[in-house]
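Enquirer: After the structure tokens below, expect a handful of questions from me.
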Amino acid sequence: MVEDAGYTPLEALDTDEALAILSSRSDIALVCADIQLPGSMDGIGLAHTVRRRWPAIDVILMSEKLNPPSIDLPPCSEFYGKPLQAWQIKAGIRRMIGHARGA
């Protein structure tokens with residue numbers, strides 16, 4: 001879906017690898033993650049860490065098990081429940097990356 005939205009995806013196997021990638025690059029505008037992730041924190045923890053360390057990077061979180069009222073989302077984050085429609089996530093990616101780049 002990221003490629004279909006016109007962007008280049010990077011993949012991390014867990015939250016620790018995601019943080020390592022973010023630490024080594026300056027061209028990332030958006031993180032998309034499931035809430036249930038392996039690593040030293042879950043997707044919500046990753047989202048809060050990203051907002052704290054890289055405030056210009058927005059976050060999309062997804063889950064089929066949780067709903068928005070029960071999730072502590074950081075600012076400039078969006079939640080999508082699964083199953084989701086491809087057009088929803090592509091529109092969210094385009095909107096948030098455009099916002100992150102000041103478009």
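Quick note on naming: the chains in the structure tokens go A, B, ... in the order shown, residues restart at 1 in each chain, and ligands are numbered from 1 in order of appearance.
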Report as a PyMOL selection string: the residues of chain A with a DSSP assignment of strand (DSSP E or B), based on the backbone of this structure.
Expert: chain A and resi 30-34+58-63+77-81
Enquirer: Only N, CA and C atoms, please: the residues just picked out, written as a tab-separated table (two decimals), in the first residue's frame.
Expert:
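What follows is the written file out_32.tsv:
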chain	number	residue	atom	x	y	z
A	30	LEU	N	7.07	9.17	7.85
A	30	LEU	CA	5.91	8.51	8.42
A	30	LEU	C	6.28	7.11	8.85
A	31	VAL	N	5.77	6.70	10.01
A	31	VAL	CA	5.91	5.32	10.48
A	31	VAL	C	4.52	4.70	10.49
A	32	CYS	N	4.39	3.53	9.87
A	32	CYS	CA	3.16	2.74	9.91
A	32	CYS	C	3.48	1.48	10.71
A	33	ALA	N	2.69	1.21	11.73
A	33	ALA	CA	2.97	0.05	12.57
A	33	ALA	C	1.70	-0.55	13.12
A	34	ASP	N	1.74	-1.84	13.34
A	34	ASP	CA	0.68	-2.53	14.06
A	34	ASP	C	0.90	-2.27	15.54
A	58	ASP	N	5.21	11.61	11.55
A	58	ASP	CA	3.87	11.21	11.95
A	58	ASP	C	3.79	9.69	12.02
A	59	VAL	N	2.71	9.20	12.66
A	59	VAL	CA	2.57	7.77	12.89
A	59	VAL	C	1.17	7.31	12.55
A	60	ILE	N	1.09	6.18	11.85
A	60	ILE	CA	-0.17	5.47	11.64
A	60	ILE	C	-0.07	4.16	12.39
A	61	LEU	N	-1.03	3.91	13.28
A	61	LEU	CA	-1.11	2.64	14.01
A	61	LEU	C	-2.32	1.87	13.52
A	62	MET	N	-2.17	0.55	13.49
A	62	MET	CA	-3.24	-0.33	13.04
A	62	MET	C	-3.41	-1.47	14.03
A	63	SER	N	-4.64	-1.97	14.14
A	63	SER	CA	-4.90	-3.13	14.97
A	63	SER	C	-6.27	-3.69	14.65
A	77	SER	N	-0.92	11.42	15.15
A	77	SER	CA	-1.02	9.99	14.87
A	77	SER	C	-2.44	9.67	14.47
A	78	GLU	N	-2.58	8.63	13.69
A	78	GLU	CA	-3.91	8.15	13.29
A	78	GLU	C	-3.99	6.67	13.57
A	79	PHE	N	-5.21	6.20	13.83
A	79	PHE	CA	-5.47	4.78	14.07
A	79	PHE	C	-6.40	4.26	13.00
A	80	TYR	N	-6.09	3.06	12.50
A	80	TYR	CA	-6.94	2.37	11.53
A	80	TYR	C	-7.21	0.97	12.06
A	81	GLY	N	-8.49	0.63	12.16
A	81	GLY	CA	-8.87	-0.71	12.57
A	81	GLY	C	-8.82	-1.66	11.38
Enquirer: Write out as an mmCIF file with N, CA and C atoms, in the first residue's frame which residues come within 8 Å of His48 (chain A) when counting only C-alpha atoms, dropping same-chain ones fewer than 3 positions away.
Expert:
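Result file selection-v3.cif:
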data_model
loop_
_atom_site.group_PDB
_atom_site.id
_atom_site.type_symbol
_atom_site.label_atom_id
_atom_site.label_comp_id
_atom_site.auth_asym_id
_atom_site.auth_seq_id
_atom_site.Cartn_x
_atom_site.Cartn_y
_atom_site.Cartn_z
ATOM 1 N N ILE A 44 2.273 1.172 20.313
ATOM 2 C CA ILE A 44 1.927 2.424 20.992
ATOM 3 C C ILE A 44 3.180 3.040 21.604
ATOM 4 N N GLY A 45 4.007 2.212 22.223
ATOM 5 C CA GLY A 45 5.269 2.709 22.768
ATOM 6 C C GLY A 45 6.162 3.257 21.675
ATOM 7 N N ARG A 51 7.357 10.205 18.346
ATOM 8 C CA ARG A 51 6.912 11.589 18.516
ATOM 9 C C ARG A 51 7.868 12.376 19.417
ATOM 10 N N ARG A 52 8.419 11.704 20.432
ATOM 11 C CA ARG A 52 9.327 12.369 21.369
ATOM 12 C C ARG A 52 10.700 12.635 20.733
ATOM 13 N N LEU A 73 -3.061 7.445 21.830
ATOM 14 C CA LEU A 73 -2.326 7.895 20.651
ATOM 15 C C LEU A 73 -1.593 9.199 20.928
ATOM 16 N N PRO A 74 -0.348 9.290 20.469
ATOM 17 C CA PRO A 74 0.351 10.576 20.582
ATOM 18 C C PRO A 74 -0.198 11.556 19.545
#
Enquirer: Go through chain A and collect every residue that DSSP, computed from the backbone, puts in helix (DSSP H, G or I); the answer should be as an MDAnalysis selection string.
Expert: chainID A and resid 15:24 43:53 68:70 86:100
Enquirer: Point out the residue among A:Ser40, A:Cys76, A:Gly6, A:Lys65 with the least atom-to-atom distance to Met96 (chain A), counting only C-alpha atoms.
Expert: A:Cys76
Enquirer: Please provide the set of residues having any atom within 10 Å of region 82-87 of chain A, restricted to only C-alpha atoms, with same-chain residues fewer than 4 positions apart removed, written as a ChimeraX atom specification.
Expert: /A:1-2,4-5,34,62-67,91-93
Enquirer: Quick one: of A:Leu19, A:Ile57, A:Leu10, A:Ile71, who's nearest to Met41 (chain A), counting only C-alpha atoms?
Expert: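 Smallest separation from Met41 (chain A) among the options: A:Leu19.
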Enquirer: How many Å separate CA of Gln36 (chain A) from CA of Ala20 (chain A)?
Expert: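 Separation between CA of Gln36 (chain A) and CA of Ala20 (chain A): 18.6 Å.
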Enquirer: Using only C-alpha atoms, which residue out of A:Asp14, A:Ala56, A:Ile97, A:Lys90 lies closest to Ile35 (chain A)?
Expert: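 Nearest to Ile35 (chain A): A:Asp14.
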Enquirer: Fewer than 6 positions away in the same chain doesn't count, so skip those; otherwise give me all residues within 12 Å of Asp16 (chain A), counting only C-alpha atoms, as a list in words.
Expert: Leu22, Ser23, Leu37, Pro38, Gly39, Ser40, Met41, Asp42, Gly43, Gly45, Leu46, Thr49 and Val50 of chain A
Enquirer: A:Glu17, A:Ser24, A:Pro55, A:Arg94: which is nearest Glu3 (chain A), counting only C-alpha atoms?
Expert: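 Closest to Glu3 (chain A) of all the choices is A:Arg94.
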